[in-house]
Amino acid sequence: MPRPPSPWFKKSHGAWYVKLDRKEVRLGTDRADAFKAFHRLMAQRPRFGPHVPKNLTIAELGELWLTARDGQVKPSTFGRYLMYTQAFKDFYPRLRAEDLQPYHVEQWLQAHAWNSSTRNLATTIVKMILKWGKDQGYLATNPIASVKTPPMLRRAPVTAADMDKFLAHVRCPEFRDYLELALETGCRPGELRTLDASRIDQDARRAIVTGKRGERTIFLSDRACAILARLVKRWPEGPVLRNTWGRPWLDRTLIDHCRRINAKAGTKIVPYHTRGVFATRVVRKVDSLIAAKLLGHTDPRMLAKHYEGLEDADLLDAVNRVSASEDTETRSGAGRARRRGTA
């Protein structure tokens with residue numbers, strides 16, 4: 001059976017290529033962009049027709065599953081499905097789906113230097129493919145039904161002092177704008193990149209971003225309004241948060257900036273940490289329900305589960321404030337009792 005198509009780097013041309021239908025297709029010179037182009041091409045290709053071969057390989061079952069998912073999920077979700085399905089197909093191009101064993105999944109995970117979140121996502125997608133194959137009747141049993149999805153480790157929180165230390169080493173003004181706006185709004189990195197000039201209402205001090213569950217409204221502080229006023233003046237159309245070359249920020253570009261600055265500052269900051277710092281600052285000052293709304297959570301319990309990184313000093317301060325308020329109420333009650341007695 002022929003090997004599934006996969007990109008390769010052609011040194012003589014200095015670019016990435018893939019062979020489709022016996023023709024070499026140029027994907028580009030940048031590896032990340034080339035693989036994105038490859039995934040788009042694969043998504044557009046016609047897959048199996050009505051006659052499904054017997055003894056399906058992992059590659060064939062993956063293609064069938066992608067066909068079923070195409071158009072049923074958001075493009076970004078389908079892109080992730082496509083990427084990890086392709087990675088699994090490339091690792092086991094000729095292995096039959098019915099011969100797959102739990103140790104195959106473990107070997108695949110160990111061969112990649114993925115963090116806990118990526119391992120969790122990759123395993124989830126592979127399990128979805130095999131479960132779907134059994135449900136559709138392509139497989140008699142699900143050979144990896146017993147595989148447990150690796151847990152996602154919680155991202156270690158950072159303190160405001162860590163963030164200040166990190167910010168002190170930021171030299172790029174465009175990156176500083178991004179970080180400061182993230183710290184002022186609490187937006188997820190993906191949400192902040194959707195901030196468009198046409199969706200900012202400075203008079204109402206609010207803006208609309210696209211989040212995990214669609215559009216949501218964010219509210220702007222004085223500092224956020226000042227930053228956005230300057231950026232909208234510079235970029236009156238399209239995304240207002242752009243890098244030094246005037247291009248919208250990408251995940252990998254933000255991560256690269258963080259990596260370089262961490263090396264200088266001795267910190268371990270990632271773009272998502274700005275949201276945690278915002279959440280901790282907000283929950284110290286306002287009701288948890290309001291804090292959850294500002295973060296775009298539908299359930300306030302998410303705040304306590306993921307972001308409420310309060311320190312011992314915060315808890316001690318809360319105890320003192322409660323004690324002081326009770327003393328005040330006691331004194332007020334005693335005063336009222338004395339006045340009633342004299343009356």
# chains A, B, ... in the order shown; residues from 1 in each chain; ligands from 1
>>> select_by_dssp(residues="region 181-273 of chain A", states="strand (DSSP E)", output="number ranges by chain")
A: 200-201, 206-211, 214-219
>>> residues_around(residues="region 261-275 of chain A", least_positions_apart="4", cutoff="7 Å", atoms="only C-alpha atoms", output="list in words")
Val158, Asp162, Lys165, Phe166, His169, Val170, Ala182, Leu183, Gly186, Cys187, Arg188, Pro189, Leu254, Ile255, His257 and Ala279 of chain A
>>> residues_around(residues="region 10-20 of chain A", least_positions_apart="5", cutoff="10 Å", atoms="only C-alpha atoms", output="ChimeraX atom specification")
/A:4-5,25-31,33-35,38,41-42,45
>>> write_last_selection(atoms="N, CA, C and O atoms", output="short mmCIF file (atom, residue, chain, number, x, y, z; two decimals), in the first residue's frame")
data_model
loop_
_atom_site.label_atom_id
_atom_site.label_comp_id
_atom_site.auth_asym_id
_atom_site.auth_seq_id
_atom_site.Cartn_x
_atom_site.Cartn_y
_atom_site.Cartn_z
N PRO A 4 1.20 7.36 2.77
CA PRO A 4 0.41 8.59 2.72
C PRO A 4 1.30 9.80 2.42
O PRO A 4 2.47 9.82 2.82
N PRO A 5 0.80 10.77 1.69
CA PRO A 5 1.61 11.95 1.36
C PRO A 5 2.05 12.69 2.60
O PRO A 5 1.30 12.81 3.58
N VAL A 25 4.11 19.36 -5.38
CA VAL A 25 3.46 20.65 -5.11
C VAL A 25 4.33 21.44 -4.14
O VAL A 25 4.68 20.95 -3.06
N ARG A 26 4.71 22.65 -4.54
CA ARG A 26 5.54 23.50 -3.68
C ARG A 26 4.67 24.10 -2.58
O ARG A 26 3.62 24.69 -2.84
N LEU A 27 5.14 23.99 -1.31
CA LEU A 27 4.38 24.47 -0.17
C LEU A 27 4.92 25.77 0.41
O LEU A 27 4.21 26.48 1.11
N GLY A 28 6.19 26.07 0.17
CA GLY A 28 6.79 27.29 0.70
C GLY A 28 8.12 27.01 1.36
O GLY A 28 8.55 25.87 1.51
N THR A 29 8.78 28.08 1.78
CA THR A 29 10.12 27.96 2.37
C THR A 29 10.08 27.83 3.89
O THR A 29 10.99 27.26 4.48
N ASP A 30 9.05 28.35 4.53
CA ASP A 30 8.94 28.27 5.99
C ASP A 30 8.23 26.98 6.38
O ASP A 30 7.17 26.65 5.83
N ARG A 31 8.81 26.25 7.33
CA ARG A 31 8.26 24.94 7.69
C ARG A 31 6.84 25.02 8.22
O ARG A 31 5.96 24.27 7.80
N ASP A 33 4.55 27.41 7.86
CA ASP A 33 3.61 27.82 6.81
C ASP A 33 3.40 26.71 5.79
O ASP A 33 2.29 26.52 5.27
N ALA A 34 4.47 25.94 5.52
CA ALA A 34 4.37 24.84 4.56
C ALA A 34 3.41 23.76 5.07
O ALA A 34 2.59 23.24 4.30
N PHE A 35 3.50 23.44 6.35
CA PHE A 35 2.61 22.41 6.90
C PHE A 35 1.16 22.89 6.95
O PHE A 35 0.23 22.11 6.77
N PHE A 38 -0.03 22.45 3.50
CA PHE A 38 -0.25 21.02 3.27
C PHE A 38 -1.58 20.56 3.87
O PHE A 38 -2.35 19.83 3.22
N LEU A 41 -4.44 21.72 1.73
CA LEU A 41 -4.55 20.89 0.52
C LEU A 41 -5.19 19.55 0.83
O LEU A 41 -6.06 19.08 0.08
N MET A 42 -4.79 18.93 1.93
CA MET A 42 -5.33 17.64 2.28
C MET A 42 -6.82 17.73 2.61
O MET A 42 -7.60 16.82 2.32
N ARG A 45 -8.81 17.75 -0.65
CA ARG A 45 -8.74 16.59 -1.54
C ARG A 45 -9.93 15.67 -1.36
O ARG A 45 -10.40 15.46 -0.24
#
>>> atom_distance(atom1="CA of Ile200 (chain A)", atom2="CA of Thr244 (chain A)")
21.8 Å
>>> atom_distance(atom1="CA of Met152 (chain A)", atom2="CA of Leu195 (chain A)")
28.6 Å
>>> closest_residue(among="A:Arg260, A:Phe175, A:Leu295, A:Ile218", to="Leu241 (chain A)", atoms="only C-alpha atoms")
A:Phe175
>>> residues_around(residues="Glu237 (chain A)", least_positions_apart="2", cutoff="8 Å", atoms="only C-alpha atoms", output="list of chain:residue names")
A:Asp196, A:Ala197, A:Ser198, A:Val232, A:Trp235, A:Pro239, A:Val240
